[in-house]
file my_file-v4.csv (CSV, C-alpha atoms and all ligand atoms)
chain,number,residue,atom,x,y,z
A,333,MET,CA,0.0,0.0,0.0
A,334,ASN,CA,1.4,3.4,-0.9
A,335,ARG,CA,1.2,6.6,1.0
A,336,THR,CA,-1.6,8.0,-1.1
A,337,ILE,CA,-3.9,5.1,-0.2
A,338,ILE,CA,-3.0,5.3,3.4
A,339,SER,CA,-3.7,9.0,3.7
A,340,ALA,CA,-7.0,8.6,2.0
A,341,GLY,CA,-7.8,6.0,4.6
A,342,PHE,CA,-7.3,8.5,7.3
A,343,VAL,CA,-9.8,10.9,5.6
A,344,ALA,CA,-12.4,8.2,5.4
A,345,LEU,CA,-11.9,7.3,9.1
A,346,ALA,CA,-12.3,11.0,10.1
A,347,THR,CA,-15.5,11.6,8.1
A,348,ALA,CA,-17.3,8.3,8.3
A,349,GLY,CA,-19.7,7.4,11.1
A,350,ALA,CA,-22.8,9.6,11.2
A,351,LEU,CA,-24.7,7.3,8.8
A,352,LEU,CA,-23.6,4.0,10.4
A,353,ALA,CA,-26.2,1.5,11.4
A,354,ALA,CA,-26.1,0.3,15.0
A,355,SER,CA,-24.0,-2.7,15.8
A,356,ASN,CA,-25.7,-6.1,15.4
A,357,ILE,CA,-22.9,-8.0,17.2
A,358,ASP,CA,-23.9,-10.2,20.1
A,359,ASN,CA,-23.9,-8.5,23.5
A,360,THR,CA,-25.6,-11.3,25.5
A,361,VAL,CA,-22.9,-13.9,26.0
A,362,PRO,CA,-21.2,-11.6,24.9
A,363,ASN,CA,-19.6,-12.9,21.7
A,364,LYS,CA,-18.0,-9.6,20.5
A,365,PHE,CA,-14.2,-10.2,20.9
A,366,SER,CA,-11.5,-11.3,18.5
A,367,TRP,CA,-7.9,-12.1,19.6
A,368,GLY,CA,-4.8,-10.6,18.1
A,369,GLU,CA,-1.6,-12.5,18.9
A,370,ASN,CA,0.3,-9.3,19.2
A,371,VAL,CA,-2.4,-6.8,20.2
A,372,GLY,CA,-4.8,-8.5,22.5
A,373,TRP,CA,-8.5,-8.3,22.5
A,374,MET,CA,-10.6,-6.4,20.0
A,375,ASN,CA,-14.2,-5.4,20.7
A,376,TRP,CA,-16.5,-5.5,17.7
A,377,ARG,CA,-19.6,-4.1,19.2
A,378,ASP,CA,-19.2,-1.2,21.7
A,379,ALA,CA,-17.8,1.7,19.6
A,380,ASN,CA,-19.7,4.8,20.8
A,381,GLY,CA,-22.1,2.7,22.9
A,382,GLY,CA,-22.8,0.3,20.1
A,383,THR,CA,-24.0,3.0,17.8
A,384,GLN,CA,-20.8,2.8,15.7
A,385,GLY,CA,-19.8,-0.8,16.4
A,386,VAL,CA,-19.6,-3.3,13.6
A,387,ASN,CA,-22.8,-4.0,11.7
A,388,VAL,CA,-22.8,-7.2,9.6
A,389,GLY,CA,-25.0,-6.9,6.5
A,390,GLY,CA,-25.9,-9.2,3.6
A,391,SER,CA,-22.8,-8.4,1.6
A,392,ILE,CA,-20.8,-5.9,3.6
A,393,MET,CA,-19.7,-4.9,7.1
A,394,GLU,CA,-19.6,-1.3,8.4
A,395,GLY,CA,-18.6,0.4,11.6
A,396,TYR,CA,-15.6,0.2,14.0
A,397,ILE,CA,-13.7,-2.4,16.0
A,398,TRP,CA,-12.0,-1.1,19.2
A,399,GLY,CA,-8.6,-2.6,20.0
A,400,GLU,CA,-7.6,-2.0,23.6
A,401,ASN,CA,-4.0,-1.6,22.5
A,402,ILE,CA,-4.3,-0.3,19.0
A,403,GLY,CA,-7.4,2.0,18.8
A,404,TRP,CA,-10.0,2.1,16.1
A,405,ILE,CA,-10.3,-0.2,13.1
A,406,ASN,CA,-12.7,0.9,10.4
A,407,VAL,CA,-14.4,-2.0,8.5
A,408,GLY,CA,-16.3,0.2,6.1
A,409,ASP,CA,-18.5,3.3,6.0
A,410,GLY,CA,-21.7,1.5,4.8
A,411,THR,CA,-21.8,3.1,1.4
A,412,PRO,CA,-20.0,0.6,-0.9
A,413,GLY,CA,-19.3,1.9,-4.4
A,414,SER,CA,-19.0,-1.3,-6.4
A,415,VAL,CA,-20.7,-4.5,-7.3
A,416,CYS,CA,-19.1,-8.0,-6.8
A,417,SER,CA,-21.0,-11.0,-8.3
A,418,GLY,CA,-24.3,-9.1,-8.1
A,419,LEU,CA,-23.8,-7.9,-4.6
A,420,ALA,CA,-23.0,-4.4,-3.3
A,421,CYS,CA,-19.3,-4.3,-2.3
A,422,TYR,CA,-16.4,-2.0,-1.5
A,423,ALA,CA,-14.0,-1.8,-4.4
A,424,ASN,CA,-10.9,-1.9,-2.2
A,425,ALA,CA,-8.9,-0.5,-5.1
A,426,ASN,CA,-7.8,2.5,-3.0
A,427,GLY,CA,-8.6,4.3,0.2
A,428,THR,CA,-11.7,6.0,-1.1
A,429,ASP,CA,-13.9,2.9,-1.1
A,430,PHE,CA,-12.7,0.3,1.3
A,431,GLY,CA,-14.1,-2.2,3.8
A,432,VAL,CA,-15.0,-5.8,4.5
A,433,ASN,CA,-17.1,-7.6,1.9
A,434,ILE,CA,-19.1,-10.8,2.5
A,435,SER,CA,-19.4,-13.3,-0.4
A,436,ALA,CA,-22.5,-15.4,-0.9
A,437,ASN,CA,-20.6,-18.4,0.7
A,438,GLY,CA,-19.9,-16.3,3.8
A,439,THR,CA,-16.2,-15.7,3.2
A,440,LEU,CA,-14.9,-12.2,4.2
A,441,HIS,CA,-12.8,-10.2,1.7
A,442,GLY,CA,-11.2,-6.8,1.5
A,443,TYR,CA,-9.6,-4.4,4.0
A,444,GLY,CA,-10.2,-2.8,7.4
A,445,TRP,CA,-8.2,0.3,8.3
A,446,GLY,CA,-6.6,0.8,11.7
A,447,GLU,CA,-5.8,4.3,12.7
A,448,ASN,CA,-2.6,3.2,14.4
A,449,VAL,CA,-1.8,-0.1,12.6
A,450,GLY,CA,-2.7,0.4,8.9
A,451,TRP,CA,-4.5,-2.1,6.7
A,452,ILE,CA,-6.1,-5.3,8.0
A,453,ASN,CA,-6.4,-7.9,5.2
A,454,PHE,CA,-9.5,-10.1,5.6
A,455,ASP,CA,-8.3,-12.3,2.7
A,456,GLY,CA,-5.1,-13.1,4.7
A,457,GLY,CA,-6.4,-16.3,6.3
A,458,ALA,CA,-7.2,-17.8,2.9
A,459,MET,CA,-3.5,-17.4,2.0
A,460,ALA,CA,-2.3,-19.2,5.1
A,461,THR,CA,-1.0,-22.8,5.0
A,462,PRO,CA,-3.4,-24.6,5.7
A,463,ALA,CA,-5.9,-22.0,4.4
A,464,GLN,CA,-8.1,-20.6,7.2
A,465,PRO,CA,-10.3,-18.1,5.4
A,466,ALA,CA,-12.1,-15.5,7.5
A,467,LYS,CA,-15.8,-16.4,7.2
A,468,ILE,CA,-19.2,-15.9,8.7
A,469,LEU,CA,-21.0,-19.2,9.3
A,470,CYS,CA,-24.7,-19.9,9.1
A,471,SER,CA,-24.7,-20.0,12.9
A,472,GLY,CA,-23.9,-16.3,12.8
A,473,ARG,CA,-20.4,-16.6,14.2
A,474,LEU,CA,-17.1,-15.6,12.5
A,475,THR,CA,-14.3,-18.0,12.0
A,476,GLY,CA,-10.8,-18.1,10.4
A,477,TYR,CA,-8.1,-15.4,10.4
A,478,ALA,CA,-7.4,-11.9,9.2
A,479,TRP,CA,-3.9,-10.5,8.7
A,480,GLY,CA,-2.5,-7.1,9.6
A,481,GLU,CA,1.0,-6.4,8.3
A,482,ASN,CA,1.7,-4.5,11.5
A,483,VAL,CA,-0.3,-6.6,14.0
A,484,GLY,CA,0.1,-10.2,12.7
A,485,TRP,CA,-2.8,-12.7,12.8
A,486,ILE,CA,-6.2,-11.8,14.1
A,487,ASN,CA,-7.9,-15.0,15.3
A,488,LEU,CA,-11.6,-15.3,14.8
A,489,SER,CA,-11.6,-19.1,15.5
A,490,VAL,CA,-11.3,-19.3,19.3
A,491,LEU,CA,-13.9,-21.8,20.4
A,492,THR,CA,-14.5,-20.6,23.9
A,493,PRO,CA,-17.8,-18.6,24.3
A,494,GLY,CA,-17.1,-15.0,24.9
A,495,GLN,CA,-13.9,-15.2,22.9
A,496,PHE,CA,-15.2,-15.0,19.3
A,497,VAL,CA,-17.5,-12.7,17.3
A,498,SER,CA,-21.1,-13.5,16.5
A,499,VAL,CA,-24.1,-11.5,15.3
A,500,VAL,CA,-27.2,-11.2,17.5
A,501,SER,CA,-29.5,-14.2,17.5
A,502,SER,CA,-32.2,-12.1,15.6
A,503,PHE,CA,-29.8,-11.7,12.7
A,504,VAL,CA,-28.9,-15.4,12.4
A,505,PRO,CA,-30.5,-16.8,9.2
A,506,LEU,CA,-33.3,-19.4,9.7
A,507,LEU,CA,-34.0,-22.2,7.3
A,508,CYS,CA,-36.5,-21.1,4.6
A,509,ASP,CA,-37.0,-17.7,6.2
A,510,MET,CA,-36.0,-16.0,2.9
A,511,ASN,CA,-37.2,-12.5,3.8
A,512,HIS,CA,-35.4,-12.8,7.2
A,513,ASP,CA,-38.3,-11.5,9.3
A,514,GLY,CA,-37.8,-14.3,11.8
A,515,VAL,CA,-40.8,-16.5,10.8
A,516,LYS,CA,-41.4,-18.9,7.9
A,517,ASN,CA,-44.6,-18.4,6.0
A,518,GLY,CA,-46.1,-17.6,2.6
A,519,LEU,CA,-44.3,-14.3,2.5
A,520,ASP,CA,-41.0,-16.2,2.0
A,521,ILE,CA,-42.1,-17.6,-1.3
A,522,GLN,CA,-41.7,-14.3,-3.2
A,523,ALA,CA,-38.4,-13.6,-1.6
A,524,PHE,CA,-37.1,-17.1,-2.6
A,525,GLU,CA,-38.4,-16.7,-6.2
A,526,ASN,CA,-36.7,-13.4,-6.6
A,527,LYS,CA,-33.3,-14.7,-5.5
A,528,LEU,CA,-33.8,-17.9,-7.5
A,529,LEU,CA,-34.8,-16.1,-10.7
A,530,LEU,CA,-32.9,-12.8,-10.5
A,531,GLY,CA,-29.8,-13.7,-8.5
A,532,GLY,CA,-28.2,-11.5,-5.9
A,533,ALA,CA,-28.5,-14.1,-3.1
A,534,THR,CA,-26.5,-13.0,0.0
A,535,TRP,CA,-24.8,-15.3,2.5
A,536,ARG,CA,-28.0,-15.1,4.6
A,537,ASP,CA,-30.1,-16.1,1.6
A,538,ILE,CA,-27.8,-19.0,0.9
A,539,CYS,CA,-28.0,-20.1,4.5
A,540,SER,CA,-31.8,-20.0,4.5
A,541,GLY,CA,-32.6,-21.3,1.0
A,542,ASP,CA,-29.7,-23.5,-0.2
A,543,LEU,CA,-31.3,-26.8,0.8
A,544,ALA,CA,-30.2,-29.2,-1.9
A,545,PRO,CA,-27.1,-29.7,-4.1
A,546,PRO,CA,-25.3,-28.1,-5.7
A,547,PRO,CA,-24.2,-26.2,-2.6
A,548,GLY,CA,-23.7,-22.5,-2.4
A,549,VAL,CA,-26.2,-21.5,-5.1
A,550,LEU,CA,-30.0,-21.4,-5.4
A,551,THR,CA,-31.2,-23.6,-8.2
A,552,PRO,CA,-34.6,-25.3,-9.1
A,553,ALA,CA,-33.3,-28.3,-7.1
A,554,ASP,CA,-33.7,-26.2,-3.9
A,555,VAL,CA,-37.5,-25.6,-4.6
A,556,PRO,CA,-38.9,-29.0,-3.3
A,557,PRO,CA,-36.9,-28.9,0.0
A,558,PHE,CA,-37.8,-25.2,0.4
A,559,VAL,CA,-41.5,-26.0,0.0
A,560,ALA,CA,-41.2,-28.9,2.4
A,561,CYS,CA,-39.4,-26.7,4.9
A,562,LEU,CA,-42.2,-24.1,4.7
A,563,LEU,CA,-44.8,-26.7,5.3
A,564,THR,CA,-43.0,-28.3,8.3
A,565,PRO,CA,-44.3,-26.8,11.6
B,601,CA,CA,-40.0,-15.0,6.7
B,602,CA,CA,-28.4,-25.4,-3.8

call {"tool": "encode", "arguments": {"input": "my_file-v4.csv", "output": "structure tokens"}}
result
Amino acid sequence: MNRTIISAGFVALATAGALLAASNIDNTVPNKFSWGENVGWMNWRDANGGTQGVNVGGSIMEGYIWGENIGWINVGDGTPGSVCSGLACYANANGTDFGVNISANGTLHGYGWGENVGWINFDGGAMATPAQPAKILCSGRLTGYAWGENVGWINLSVLTPGQFVSVVSSFVPLLCDMNHDGVKNGLDIQAFENKLLLGGATWRDICSGDLAPPPGVLTPADVPPFVACLLTP
């Protein structure tokens, strides 16, 4: 990363924030901490009382992580300027449009920016041997590793409750709840059809609607198990 990109990152950090959605990271267990081998605990929820903590969306993250030893890390401003495989995403080509993207299979990509530590590469874990890609699981928790050139590995895979990061239970995708309103009923049929016919399925849609092979995509083969799921009490 050159100096131009880094200084642009500072500008984004200074001006982002007012439009952020409130954090949807779990605060009950709480599962809101990741571990950095060189930098200690990082809190994904409580920036500015939770109003500027990390919000996990369908295809992007936004908000701030707080590292007790390293200060703020910005994972995106919530206004991505690009499109990746039919999903809104941060371009991550320079410091003007950066942040963490979420692919339909749940893997995390792109960059966060730490005010004191520079870029955090969420593709880093996928390049490790063996590969341990940063990812959000259908259970709503993060797993894998991110890499910061100045902070080393950031571990999202600690198994102990209270020592990993998860979204709130209300944001965890439910089987066949394709409009993600927390219940499965006839309203989910239109949402399923739209994603099946028009594309644009997010990781949450895949978790809810990808019920038959081939995995990772919605195809007509997913229709019968989807209908069966809707009809099952
Ligand atoms: Ca529903
Ligand atoms: Ca499928």

call {"tool": "closest_residue", "arguments": {"input": "my_file-v4.csv", "among": "A:Asp520, A:Asp554, A:Asp542, A:Glu525", "to": "ligand CA 601 (chain B)", "atoms": "only C-alpha atoms and all ligand atoms"}}
result
A:Asp520

call {"tool": "residues_near_ligand", "arguments": {"input": "my_file-v4.csv", "ligand": "ligand CA 601 (chain B)", "cutoff": "6 Å", "atoms": "all atoms listed in the file", "output": "PyMOL selection string"}}
result
chain A and resi 509-517+520

call {"tool": "residues_around", "arguments": {"input": "my_file-v4.csv", "residues": "Gly518 (chain A)", "least_positions_apart": "5", "cutoff": "10 Å", "atoms": "all atoms listed in the file", "output": "JSON list (two decimals) with C-alpha atoms, keeping the file's coordinate frame"}}
result
[["chain", "number", "residue", "atom", "x", "y", "z"],
["A", 509, "ASP", "CA", -37.00, -17.70, 6.20],
["A", 523, "ALA", "CA", -38.40, -13.60, -1.60],
["A", 559, "VAL", "CA", -41.50, -26.00, 0.00],
["A", 562, "LEU", "CA", -42.20, -24.10, 4.70],
["A", 563, "LEU", "CA", -44.80, -26.70, 5.30]]

call {"tool": "residues_near_ligand", "arguments": {"input": "my_file-v4.csv", "ligand": "ligand CA 602 (chain B)", "cutoff": "12 Å", "atoms": "all atoms listed in the file", "output": "PyMOL selection string"}}
result
chain A and resi 436-437+527-528+533+537-558

call {"tool": "residues_around", "arguments": {"input": "my_file-v4.csv", "residues": "Met374 (chain A)", "least_positions_apart": "3", "cutoff": "6 Å", "atoms": "all atoms listed in the file", "output": "VMD selection string"}}
result
chain A and resid 365 to 366 398 to 399

call {"tool": "residues_around", "arguments": {"input": "my_file-v4.csv", "residues": "region 462-467 of chain A", "least_positions_apart": "5", "cutoff": "9 Å", "atoms": "only C-alpha atoms", "output": "list in words"}}
result
Ile434, Ser435, Asn437, Gly438, Thr439, Leu440, His441, Phe454, Asp455, Gly456, Gly457, Arg473, Leu474, Thr475, Gly476, Tyr477, Ala478, Asn487, Leu488 and Ser489 of chain A

call {"tool": "closest_residue", "arguments": {"input": "my_file-v4.csv", "among": "A:Gly408, A:Gly385, A:Gly403, A:Gly418", "to": "Gly531 (chain A)", "atoms": "all atoms listed in the file"}}
result
A:Gly418

call {"tool": "atom_distance", "arguments": {"input": "my_file-v4.csv", "atom1": "CA of Glu400 (chain A)", "atom2": "CA of Val432 (chain A)"}}
result
20.8 Å

call {"tool": "atom_distance", "arguments": {"input": "my_file-v4.csv", "atom1": "CA of Asn526 (chain A)", "atom2": "CA of Met393 (chain A)"}}
result
23.4 Å

call {"tool": "residues_near_point", "arguments": {"input": "my_file-v4.csv", "point": "(-28.4, -10.7, 15.2)", "cutoff": "12 Å", "atoms": "only C-alpha atoms", "output": "PyMOL selection string"}}
result
chain A and resi 354-360+363-364+377+386-390+470-473+497-506+512-514+536

call {"tool": "write_last_selection", "arguments": {"input": "my_file-v4.csv", "atoms": "C-alpha atoms", "output": "mmCIF file, in the coordinates of the input"}}
result
data_model
loop_
_atom_site.group_PDB
_atom_site.id
_atom_site.type_symbol
_atom_site.label_atom_id
_atom_site.label_comp_id
_atom_site.auth_asym_id
_atom_site.auth_seq_id
_atom_site.Cartn_x
_atom_site.Cartn_y
_atom_site.Cartn_z
ATOM 1 C CA ALA A 354 -26.100 0.300 15.000
ATOM 2 C CA SER A 355 -24.000 -2.700 15.800
ATOM 3 C CA ASN A 356 -25.700 -6.100 15.400
ATOM 4 C CA ILE A 357 -22.900 -8.000 17.200
ATOM 5 C CA ASP A 358 -23.900 -10.200 20.100
ATOM 6 C CA ASN A 359 -23.900 -8.500 23.500
ATOM 7 C CA THR A 360 -25.600 -11.300 25.500
ATOM 8 C CA ASN A 363 -19.600 -12.900 21.700
ATOM 9 C CA LYS A 364 -18.000 -9.600 20.500
ATOM 10 C CA ARG A 377 -19.600 -4.100 19.200
ATOM 11 C CA VAL A 386 -19.600 -3.300 13.600
ATOM 12 C CA ASN A 387 -22.800 -4.000 11.700
ATOM 13 C CA VAL A 388 -22.800 -7.200 9.600
ATOM 14 C CA GLY A 389 -25.000 -6.900 6.500
ATOM 15 C CA GLY A 390 -25.900 -9.200 3.600
ATOM 16 C CA CYS A 470 -24.700 -19.900 9.100
ATOM 17 C CA SER A 471 -24.700 -20.000 12.900
ATOM 18 C CA GLY A 472 -23.900 -16.300 12.800
ATOM 19 C CA ARG A 473 -20.400 -16.600 14.200
ATOM 20 C CA VAL A 497 -17.500 -12.700 17.300
ATOM 21 C CA SER A 498 -21.100 -13.500 16.500
ATOM 22 C CA VAL A 499 -24.100 -11.500 15.300
ATOM 23 C CA VAL A 500 -27.200 -11.200 17.500
ATOM 24 C CA SER A 501 -29.500 -14.200 17.500
ATOM 25 C CA SER A 502 -32.200 -12.100 15.600
ATOM 26 C CA PHE A 503 -29.800 -11.700 12.700
ATOM 27 C CA VAL A 504 -28.900 -15.400 12.400
ATOM 28 C CA PRO A 505 -30.500 -16.800 9.200
ATOM 29 C CA LEU A 506 -33.300 -19.400 9.700
ATOM 30 C CA HIS A 512 -35.400 -12.800 7.200
ATOM 31 C CA ASP A 513 -38.300 -11.500 9.300
ATOM 32 C CA GLY A 514 -37.800 -14.300 11.800
ATOM 33 C CA ARG A 536 -28.000 -15.100 4.600
#

call {"tool": "residues_around", "arguments": {"input": "my_file-v4.csv", "residues": "Glu369 (chain A)", "least_positions_apart": "4", "cutoff": "7 Å", "atoms": "only C-alpha atoms", "output": "number ranges by chain"}}
result
A: 484-486

call {"tool": "closest_residue", "arguments": {"input": "my_file-v4.csv", "among": "A:Val490, A:Leu469, A:Ile392, A:Ile405", "to": "Ile452 (chain A)", "atoms": "all atoms listed in the file"}}
result
A:Ile405

call {"tool": "atom_distance", "arguments": {"input": "my_file-v4.csv", "atom1": "CA of Trp451 (chain A)", "atom2": "CA of Trp479 (chain A)"}}
result
8.7 Å

call {"tool": "residues_near_point", "arguments": {"input": "my_file-v4.csv", "point": "(-24.8, -5.5, -6.0)", "cutoff": "10 Å", "atoms": "only C-alpha atoms", "output": "list in words"}}
result
Ser391, Pro412, Gly413, Ser414, Val415, Cys416, Ser417, Gly418, Leu419, Ala420, Cys421, Gly531, Gly532, Ala533 and Thr534 of chain A

call {"tool": "build_atoms", "arguments": {"input": "my_file-v4.csv", "residues": "region 432-463 of chain A", "atoms": "N, CA and C atoms", "output": "mmCIF file, keeping the file's coordinate frame"}}
result
data_model
loop_
_atom_site.group_PDB
_atom_site.id
_atom_site.type_symbol
_atom_site.label_atom_id
_atom_site.label_comp_id
_atom_site.auth_asym_id
_atom_site.auth_seq_id
_atom_site.Cartn_x
_atom_site.Cartn_y
_atom_site.Cartn_z
ATOM 1 N N VAL A 432 -14.900 -4.356 4.484
ATOM 2 C CA VAL A 432 -15.000 -5.800 4.500
ATOM 3 C C VAL A 432 -16.255 -6.226 3.704
ATOM 4 N N ASN A 433 -16.032 -7.035 2.659
ATOM 5 C CA ASN A 433 -17.100 -7.600 1.900
ATOM 6 C C ASN A 433 -17.424 -9.025 2.310
ATOM 7 N N ILE A 434 -18.670 -9.442 2.136
ATOM 8 C CA ILE A 434 -19.100 -10.800 2.500
ATOM 9 C C ILE A 434 -19.638 -11.477 1.244
ATOM 10 N N SER A 435 -18.964 -12.531 0.796
ATOM 11 C CA SER A 435 -19.400 -13.300 -0.400
ATOM 12 C C SER A 435 -20.647 -14.116 -0.036
ATOM 13 N N ALA A 436 -21.313 -14.608 -1.077
ATOM 14 C CA ALA A 436 -22.500 -15.400 -0.900
ATOM 15 C C ALA A 436 -22.201 -16.680 -0.055
ATOM 16 N N ASN A 437 -20.957 -17.168 -0.125
ATOM 17 C CA ASN A 437 -20.600 -18.400 0.700
ATOM 18 C C ASN A 437 -20.141 -17.996 2.075
ATOM 19 N N GLY A 438 -20.236 -16.718 2.419
ATOM 20 C CA GLY A 438 -19.900 -16.300 3.800
ATOM 21 C C GLY A 438 -18.469 -15.864 3.991
ATOM 22 N N THR A 439 -17.594 -16.081 2.994
ATOM 23 C CA THR A 439 -16.200 -15.700 3.200
ATOM 24 C C THR A 439 -16.066 -14.164 3.191
ATOM 25 N N LEU A 440 -15.108 -13.684 4.012
ATOM 26 C CA LEU A 440 -14.900 -12.200 4.200
ATOM 27 C C LEU A 440 -13.693 -11.837 3.287
ATOM 28 N N HIS A 441 -13.817 -10.662 2.672
ATOM 29 C CA HIS A 441 -12.800 -10.200 1.700
ATOM 30 C C HIS A 441 -12.582 -8.676 1.954
ATOM 31 N N GLY A 442 -11.453 -8.185 1.476
ATOM 32 C CA GLY A 442 -11.200 -6.800 1.500
ATOM 33 C C GLY A 442 -10.412 -6.324 2.737
ATOM 34 N N TYR A 443 -10.493 -5.020 3.035
ATOM 35 C CA TYR A 443 -9.600 -4.400 4.000
ATOM 36 C C TYR A 443 -10.363 -3.620 5.082
ATOM 37 N N GLY A 444 -9.864 -3.740 6.330
ATOM 38 C CA GLY A 444 -10.200 -2.800 7.400
ATOM 39 C C GLY A 444 -9.003 -1.831 7.515
ATOM 40 N N TRP A 445 -9.245 -0.672 8.138
ATOM 41 C CA TRP A 445 -8.200 0.300 8.300
ATOM 42 C C TRP A 445 -8.040 0.670 9.784
ATOM 43 N N GLY A 446 -6.854 0.411 10.319
ATOM 44 C CA GLY A 446 -6.600 0.800 11.700
ATOM 45 C C GLY A 446 -5.865 2.078 11.802
ATOM 46 N N GLU A 447 -6.372 2.979 12.633
ATOM 47 C CA GLU A 447 -5.800 4.300 12.700
ATOM 48 C C GLU A 447 -4.320 4.286 13.073
ATOM 49 N N ASN A 448 -3.961 3.293 13.897
ATOM 50 C CA ASN A 448 -2.600 3.200 14.400
ATOM 51 C C ASN A 448 -1.796 2.053 13.727
ATOM 52 N N VAL A 449 -2.480 1.162 13.024
ATOM 53 C CA VAL A 449 -1.800 -0.100 12.600
ATOM 54 C C VAL A 449 -1.958 -0.330 11.071
ATOM 55 N N GLY A 450 -2.607 0.585 10.346
ATOM 56 C CA GLY A 450 -2.700 0.400 8.900
ATOM 57 C C GLY A 450 -3.718 -0.622 8.482
ATOM 58 N N TRP A 451 -3.478 -1.235 7.332
ATOM 59 C CA TRP A 451 -4.500 -2.100 6.700
ATOM 60 C C TRP A 451 -4.534 -3.484 7.376
ATOM 61 N N ILE A 452 -5.776 -3.958 7.511
ATOM 62 C CA ILE A 452 -6.100 -5.300 8.000
ATOM 63 C C ILE A 452 -6.668 -6.067 6.805
ATOM 64 N N ASN A 453 -6.001 -7.130 6.374
ATOM 65 C CA ASN A 453 -6.400 -7.900 5.200
ATOM 66 C C ASN A 453 -7.278 -9.056 5.560
ATOM 67 N N PHE A 454 -8.556 -8.985 5.213
ATOM 68 C CA PHE A 454 -9.500 -10.100 5.600
ATOM 69 C C PHE A 454 -9.360 -11.262 4.612
ATOM 70 N N ASP A 455 -8.578 -11.117 3.540
ATOM 71 C CA ASP A 455 -8.300 -12.300 2.700
ATOM 72 C C ASP A 455 -7.036 -13.018 3.188
ATOM 73 N N GLY A 456 -6.388 -12.509 4.240
ATOM 74 C CA GLY A 456 -5.100 -13.100 4.700
ATOM 75 C C GLY A 456 -5.211 -14.542 5.086
ATOM 76 N N GLY A 457 -6.260 -14.905 5.808
ATOM 77 C CA GLY A 457 -6.400 -16.300 6.300
ATOM 78 C C GLY A 457 -6.480 -17.298 5.169
ATOM 79 N N ALA A 458 -7.071 -16.875 4.048
ATOM 80 C CA ALA A 458 -7.200 -17.800 2.900
ATOM 81 C C ALA A 458 -5.848 -18.098 2.289
ATOM 82 N N MET A 459 -4.845 -17.224 2.542
ATOM 83 C CA MET A 459 -3.500 -17.400 2.000
ATOM 84 C C MET A 459 -2.594 -18.191 2.918
ATOM 85 N N ALA A 460 -3.071 -18.508 4.109
ATOM 86 C CA ALA A 460 -2.300 -19.200 5.100
ATOM 87 C C ALA A 460 -2.147 -20.701 4.670
ATOM 88 N N THR A 461 -1.194 -21.406 5.273
ATOM 89 C CA THR A 461 -1.000 -22.800 5.000
ATOM 90 C C THR A 461 -1.176 -23.574 6.385
ATOM 91 N N PRO A 462 -2.225 -24.371 6.612
ATOM 92 C CA PRO A 462 -3.400 -24.600 5.700
ATOM 93 C C PRO A 462 -4.251 -23.330 5.667
ATOM 94 N N ALA A 463 -5.047 -23.208 4.590
ATOM 95 C CA ALA A 463 -5.900 -22.000 4.400
ATOM 96 C C ALA A 463 -6.955 -22.003 5.545
#
